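Reproduced below: work-v6.pdb, with PDB, C-alpha atoms, pLDDT in the B column.
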```
MODEL        1
ATOM      1  CA  MET A  10      45.795 -29.660  37.594  1.00 43.00           C
ATOM      2  CA  THR A  11      43.989 -29.845  40.911  1.00 43.00           C
ATOM      3  CA  GLU A  12      42.108 -32.884  42.016  1.00 47.00           C
ATOM      4  CA  ILE A  13      40.374 -34.456  44.967  1.00 49.00           C
ATOM      5  CA  GLU A  14      39.486 -38.077  44.913  1.00 48.00           C
ATOM      6  CA  LYS A  15      37.493 -39.945  47.489  1.00 48.00           C
ATOM      7  CA  ASP A  16      36.834 -43.649  47.472  1.00 51.00           C
ATOM      8  CA  SER A  17      34.759 -44.844  50.392  1.00 46.00           C
ATOM      9  CA  GLY A  18      35.017 -48.520  49.494  1.00 47.00           C
ATOM     10  CA  ASP A  19      31.322 -49.078  50.216  1.00 46.00           C
ATOM     11  CA  LYS A  20      30.027 -52.416  48.999  1.00 43.00           C
ATOM     12  CA  VAL A  21      26.906 -53.017  46.940  1.00 42.00           C
ATOM     13  CA  GLY A  22      25.486 -56.300  48.139  1.00 44.00           C
ATOM     14  CA  PRO A  23      27.628 -59.046  49.631  1.00 39.00           C
ATOM     15  CA  ALA A  24      28.168 -61.119  46.491  1.00 39.00           C
ATOM     16  CA  ARG A  25      27.448 -58.765  43.599  1.00 51.00           C
ATOM     17  CA  ARG A  26      30.637 -56.752  43.432  1.00 60.00           C
ATOM     18  CA  SER A  27      32.311 -55.962  40.128  1.00 71.00           C
ATOM     19  CA  ASN A  28      35.013 -53.612  38.977  1.00 83.00           C
ATOM     20  CA  ARG A  29      32.626 -51.795  36.637  1.00 92.00           C
ATOM     21  CA  VAL A  30      32.679 -48.038  37.187  1.00 97.00           C
ATOM     22  CA  PHE A  31      30.087 -45.795  35.540  1.00 98.00           C
ATOM     23  CA  LEU A  32      31.507 -42.285  35.078  1.00 98.00           C
ATOM     24  CA  VAL A  33      29.124 -39.312  34.992  1.00 98.00           C
ATOM     25  CA  VAL A  34      30.267 -35.757  34.233  1.00 96.00           C
ATOM     26  CA  VAL A  35      28.595 -33.482  36.774  1.00 95.00           C
ATOM     27  CA  ASP A  36      26.892 -30.155  36.152  1.00 90.00           C
ATOM     28  CA  ASP A  37      23.564 -28.653  37.170  1.00 83.00           C
ATOM     29  CA  THR A  38      21.456 -29.683  34.170  1.00 88.00           C
ATOM     30  CA  GLU A  39      18.345 -31.839  34.207  1.00 88.00           C
ATOM     31  CA  GLU A  40      19.874 -34.217  31.656  1.00 93.00           C
ATOM     32  CA  MET A  41      22.835 -34.831  33.989  1.00 94.00           C
ATOM     33  CA  ARG A  42      20.391 -35.839  36.737  1.00 95.00           C
ATOM     34  CA  VAL A  43      18.883 -38.387  34.326  1.00 96.00           C
ATOM     35  CA  ALA A  44      22.372 -39.756  33.503  1.00 97.00           C
ATOM     36  CA  LEU A  45      23.148 -39.938  37.220  1.00 97.00           C
ATOM     37  CA  ARG A  46      20.004 -41.910  38.003  1.00 97.00           C
ATOM     38  CA  PHE A  47      20.670 -44.270  35.079  1.00 98.00           C
ATOM     39  CA  ALA A  48      24.294 -44.843  36.148  1.00 98.00           C
ATOM     40  CA  SER A  49      23.167 -45.472  39.741  1.00 97.00           C
ATOM     41  CA  GLY A  50      20.630 -48.046  38.578  1.00 97.00           C
ATOM     42  CA  ARG A  51      23.181 -49.804  36.377  1.00 96.00           C
ATOM     43  CA  ALA A  52      25.650 -49.854  39.274  1.00 97.00           C
ATOM     44  CA  VAL A  53      23.063 -51.509  41.509  1.00 95.00           C
ATOM     45  CA  HIS A  54      22.132 -54.126  38.901  1.00 94.00           C
ATOM     46  CA  THR A  55      25.729 -54.980  37.990  1.00 94.00           C
ATOM     47  CA  GLY A  56      27.376 -54.633  41.386  1.00 94.00           C
ATOM     48  CA  GLY A  57      29.445 -51.726  40.080  1.00 96.00           C
ATOM     49  CA  ARG A  58      30.103 -48.204  41.288  1.00 96.00           C
ATOM     50  CA  VAL A  59      29.411 -44.690  40.117  1.00 98.00           C
ATOM     51  CA  ALA A  60      32.161 -42.102  39.704  1.00 98.00           C
ATOM     52  CA  LEU A  61      31.462 -38.384  39.403  1.00 98.00           C
ATOM     53  CA  LEU A  62      33.689 -35.917  37.571  1.00 98.00           C
ATOM     54  CA  TYR A  63      33.378 -32.175  37.911  1.00 97.00           C
ATOM     55  CA  VAL A  64      35.673 -30.092  35.735  1.00 95.00           C
ATOM     56  CA  MET A  65      36.419 -26.514  36.733  1.00 92.00           C
ATOM     57  CA  GLU A  66      37.373 -24.516  33.679  1.00 84.00           C
ATOM     58  CA  PRO A  67      40.657 -22.623  34.092  1.00 80.00           C
ATOM     59  CA  ASN A  68      40.487 -19.123  35.503  1.00 69.00           C
ATOM     60  CA  ASP A  69      42.054 -16.704  33.040  1.00 64.00           C
ATOM     61  CA  PHE A  70      42.063 -13.803  35.510  1.00 58.00           C
ATOM     62  CA  GLN A  71      45.780 -13.016  35.524  1.00 59.00           C
ATOM     63  CA  HIS A  72      45.801  -9.263  36.241  1.00 62.00           C
ATOM     64  CA  TRP A  73      45.850  -9.577  40.020  1.00 64.00           C
ATOM     65  CA  MET A  74      47.049 -12.941  41.276  1.00 63.00           C
ATOM     66  CA  ALA A  75      45.261 -12.647  44.647  1.00 67.00           C
ATOM     67  CA  VAL A  76      41.918 -11.943  42.948  1.00 68.00           C
ATOM     68  CA  GLY A  77      42.416 -14.885  40.611  1.00 68.00           C
ATOM     69  CA  ASP A  78      43.230 -17.152  43.551  1.00 76.00           C
ATOM     70  CA  LEU A  79      40.128 -15.986  45.412  1.00 78.00           C
ATOM     71  CA  ILE A  80      37.935 -16.647  42.376  1.00 80.00           C
ATOM     72  CA  ARG A  81      39.468 -20.132  42.015  1.00 83.00           C
ATOM     73  CA  GLU A  82      38.910 -20.913  45.720  1.00 87.00           C
ATOM     74  CA  GLU A  83      35.271 -19.819  45.533  1.00 89.00           C
ATOM     75  CA  ALA A  84      34.711 -21.868  42.374  1.00 88.00           C
ATOM     76  CA  ARG A  85      36.299 -24.901  44.017  1.00 90.00           C
ATOM     77  CA  ALA A  86      34.102 -24.552  47.114  1.00 93.00           C
ATOM     78  CA  GLU A  87      30.987 -24.376  44.914  1.00 93.00           C
ATOM     79  CA  ALA A  88      32.181 -27.383  42.884  1.00 93.00           C
ATOM     80  CA  GLU A  89      32.742 -29.405  46.061  1.00 95.00           C
ATOM     81  CA  LYS A  90      29.215 -28.547  47.283  1.00 95.00           C
ATOM     82  CA  LEU A  91      27.754 -29.620  43.947  1.00 94.00           C
ATOM     83  CA  LEU A  92      29.726 -32.886  43.985  1.00 96.00           C
ATOM     84  CA  GLN A  93      28.660 -33.628  47.561  1.00 96.00           C
ATOM     85  CA  ARG A  94      24.998 -32.949  46.741  1.00 96.00           C
ATOM     86  CA  HIS A  95      25.092 -35.310  43.767  1.00 97.00           C
ATOM     87  CA  ALA A  96      27.125 -37.886  45.723  1.00 97.00           C
ATOM     88  CA  ALA A  97      24.386 -37.971  48.385  1.00 97.00           C
ATOM     89  CA  GLN A  98      21.810 -38.614  45.653  1.00 97.00           C
ATOM     90  CA  VAL A  99      23.917 -41.424  44.161  1.00 97.00           C
ATOM     91  CA  GLN A 100      24.267 -42.996  47.601  1.00 97.00           C
ATOM     92  CA  LYS A 101      20.480 -42.830  48.053  1.00 97.00           C
ATOM     93  CA  TRP A 102      19.841 -44.449  44.660  1.00 96.00           C
ATOM     94  CA  SER A 103      22.668 -46.998  44.607  1.00 95.00           C
ATOM     95  CA  GLY A 104      23.438 -47.665  48.259  1.00 95.00           C
ATOM     96  CA  ALA A 105      27.117 -46.798  47.791  1.00 95.00           C
ATOM     97  CA  MET A 106      29.113 -43.597  47.977  1.00 96.00           C
ATOM     98  CA  PRO A 107      30.503 -42.710  44.533  1.00 97.00           C
ATOM     99  CA  ILE A 108      34.110 -42.036  43.657  1.00 97.00           C
ATOM    100  CA  LEU A 109      34.583 -38.259  43.366  1.00 97.00           C
ATOM    101  CA  HIS A 110      36.911 -36.478  40.950  1.00 97.00           C
ATOM    102  CA  LEU A 111      37.350 -32.698  40.902  1.00 96.00           C
ATOM    103  CA  ARG A 112      39.758 -31.399  38.298  1.00 96.00           C
ATOM    104  CA  GLU A 113      40.634 -28.152  36.602  1.00 92.00           C
ATOM    105  CA  GLY A 114      41.047 -27.912  32.862  1.00 93.00           C
ATOM    106  CA  GLU A 115      39.231 -27.993  29.559  1.00 91.00           C
ATOM    107  CA  PRO A 116      36.265 -30.385  30.008  1.00 90.00           C
ATOM    108  CA  ARG A 117      36.799 -32.699  27.018  1.00 90.00           C
ATOM    109  CA  ASP A 118      40.557 -33.034  27.483  1.00 92.00           C
ATOM    110  CA  THR A 119      40.210 -33.492  31.238  1.00 95.00           C
ATOM    111  CA  LEU A 120      37.549 -36.163  30.782  1.00 95.00           C
ATOM    112  CA  LEU A 121      39.672 -38.071  28.261  1.00 94.00           C
ATOM    113  CA  ALA A 122      42.709 -37.836  30.545  1.00 95.00           C
ATOM    114  CA  LEU A 123      40.775 -39.266  33.509  1.00 97.00           C
ATOM    115  CA  ILE A 124      39.391 -42.139  31.434  1.00 96.00           C
ATOM    116  CA  ASN A 125      42.890 -42.968  30.217  1.00 94.00           C
ATOM    117  CA  GLU A 126      44.392 -42.719  33.726  1.00 95.00           C
ATOM    118  CA  ASP A 127      41.807 -44.830  35.555  1.00 95.00           C
ATOM    119  CA  PRO A 128      41.516 -48.394  34.232  1.00 95.00           C
ATOM    120  CA  GLN A 129      38.480 -49.078  36.452  1.00 94.00           C
ATOM    121  CA  ILE A 130      36.296 -46.639  34.491  1.00 97.00           C
ATOM    122  CA  SER A 131      34.422 -48.906  32.144  1.00 96.00           C
ATOM    123  CA  ILE A 132      31.487 -46.836  30.862  1.00 96.00           C
ATOM    124  CA  LEU A 133      30.907 -43.121  30.360  1.00 96.00           C
ATOM    125  CA  VAL A 134      27.280 -42.122  30.953  1.00 97.00           C
ATOM    126  CA  LEU A 135      26.128 -38.796  29.524  1.00 95.00           C
ATOM    127  CA  GLY A 136      22.730 -37.140  29.540  1.00 94.00           C
ATOM    128  CA  ALA A 137      21.554 -35.587  26.277  1.00 93.00           C
ATOM    129  CA  ASN A 138      19.636 -32.338  26.154  1.00 89.00           C
ATOM    130  CA  THR A 139      16.516 -32.954  24.071  1.00 85.00           C
ATOM    131  CA  GLY A 140      15.853 -29.281  23.321  1.00 83.00           C
ATOM    132  CA  ALA A 141      16.540 -27.211  20.237  1.00 81.00           C
ATOM    133  CA  ARG A 142      20.102 -26.452  21.378  1.00 81.00           C
ATOM    134  CA  GLY A 143      21.168 -29.996  20.593  1.00 80.00           C
ATOM    135  CA  PRO A 144      22.410 -32.768  22.881  1.00 85.00           C
ATOM    136  CA  GLY A 145      25.142 -30.685  24.542  1.00 85.00           C
ATOM    137  CA  PRO A 146      28.805 -30.018  23.829  1.00 83.00           C
ATOM    138  CA  LEU A 147      30.221 -33.161  25.457  1.00 85.00           C
ATOM    139  CA  VAL A 148      27.686 -35.489  23.848  1.00 87.00           C
ATOM    140  CA  SER A 149      28.275 -33.871  20.451  1.00 83.00           C
ATOM    141  CA  ALA A 150      32.058 -34.061  20.751  1.00 83.00           C
ATOM    142  CA  LEU A 151      32.295 -37.551  22.210  1.00 82.00           C
ATOM    143  CA  THR A 152      29.851 -39.156  19.806  1.00 81.00           C
ATOM    144  CA  GLY A 153      31.463 -37.440  16.828  1.00 79.00           C
ATOM    145  CA  LYS A 154      35.087 -36.912  15.928  1.00 76.00           C
ATOM    146  CA  MET A 155      36.398 -37.686  19.408  1.00 77.00           C
ATOM    147  CA  MET A 156      34.725 -41.100  19.646  1.00 80.00           C
ATOM    148  CA  GLY A 157      37.881 -42.801  18.405  1.00 82.00           C
ATOM    149  CA  LYS A 158      39.868 -41.361  21.329  1.00 81.00           C
ATOM    150  CA  LEU A 159      37.771 -43.158  23.949  1.00 88.00           C
ATOM    151  CA  ARG A 160      38.748 -46.540  25.371  1.00 92.00           C
ATOM    152  CA  VAL A 161      35.310 -47.067  26.949  1.00 94.00           C
ATOM    153  CA  PRO A 162      31.788 -47.209  25.550  1.00 93.00           C
ATOM    154  CA  VAL A 163      29.522 -44.182  25.896  1.00 93.00           C
ATOM    155  CA  THR A 164      25.919 -44.507  27.022  1.00 94.00           C
ATOM    156  CA  VAL A 165      23.847 -41.464  26.084  1.00 94.00           C
ATOM    157  CA  VAL A 166      20.628 -41.173  28.076  1.00 95.00           C
ATOM    158  CA  PRO A 167      17.881 -38.891  26.708  1.00 94.00           C
ATOM    159  CA  GLY A 168      17.330 -36.081  29.179  1.00 92.00           C
ATOM    160  CA  ASN A 169      13.558 -36.250  28.925  1.00 93.00           C
ATOM    161  CA  LEU A 170      13.146 -39.712  30.494  1.00 94.00           C
ATOM    162  CA  SER A 171      11.049 -39.995  33.636  1.00 94.00           C
ATOM    163  CA  ASP A 172      12.332 -41.701  36.776  1.00 94.00           C
ATOM    164  CA  ASP A 173      10.060 -44.654  36.005  1.00 94.00           C
ATOM    165  CA  ASP A 174      11.498 -44.898  32.467  1.00 94.00           C
ATOM    166  CA  ILE A 175      15.060 -44.817  33.806  1.00 95.00           C
ATOM    167  CA  ASP A 176      14.327 -47.425  36.462  1.00 93.00           C
ATOM    168  CA  ALA A 177      12.778 -49.701  33.841  1.00 94.00           C
ATOM    169  CA  ILE A 178      15.820 -49.613  31.526  1.00 93.00           C
ATOM    170  CA  SER A 179      18.627 -49.507  34.060  1.00 88.00           C
TER     171      SER A 179
ENDMDL
END
```

Would you mind writing the structure in this file as structure tokens?
Amino acid sequence: MTEIEKDSGDKVGPARRSNRVFLVVVDDTEEMRVALRFASGRAVHTGGRVALLYVMEPNDFQHWMAVGDLIREEARAEAEKLLQRHAAQVQKWSGAMPILHLREGEPRDTLLALINEDPQISILVLGANTGARGPGPLVSALTGKMMGKLRVPVTVVPGNLSDDDIDAIS
């Protein structure tokens, strides 16, 4: 398992600091952006922080080790760029740099492992796809059979909310 973690220690307001950490699983979907904005708003209003998790799925390219390593390095570089882009947006919305997690593994198992390892994570925030494909694989899994494996509540934010709607409820 590979991982980078950054914790800038930025404060949100002088007196409104809590240990509440809102975890968002990062990808490039519109519903994730909605979850990110919601988590940032909740962090501001509660004095908490946002944490971002990006999970790189394992590379099964075993035929030529060097090619597999190159593919993994390129995927990691792209993942780091994506995390940094979303971290800048969180900082703009919340005033604090988020905690960044980059791991390799199966997304659901990796997410559950992080939640169990980090006692500061207090809420998982997921964005739900509102299209015909359903809410998305993580939302479906974590609000179904896997719900009993979580030690934190899950907030599912509809992916079709406007920025004004999110600001009003966060």

For this session: May I have the residues within 10 Å of stretch 111-125 of chain A as a PyMOL selection string, using all atoms listed in the file and disregarding those fewer than 4 positions away in the same chain?
Result: chain A and resi 10-15+32-35+61-68+81+85+88-89+92+129-133+146-147+150-151+155+158-161

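Between A:Leu135 and the candidates A:Leu109, A:Ala97, A:Val59, A:Val166, the tightest atom-to-atom separation, counting only C-alpha atoms, involves A:Val166.
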
For this session: Let me know the residues the PyMOL selection byres ((chain A and resi 165) around 12) catches in the file above, as a PyMOL selection string.
Result: chain A and resi 32-34+40-41+43-45+47-48+132-139+144-145+147-149+151-152+162-164+166-170

For this session: For the structure provided, state which residues fall under the PyMOL selection byres ((chain A and resi 55) around 9), and present them as a list in words.
Result: Arg25, Arg26, Ser27, Arg29, Gly50, Arg51, Ala52, Val53, His54, Gly56, Gly57 and Arg58 of chain A

For this session: Go ahead and compute the interatomic distance for atom CA of A:Gly153 and atom CA of A:Gly140, in Å to one decimal.
Result: 18.8 Å
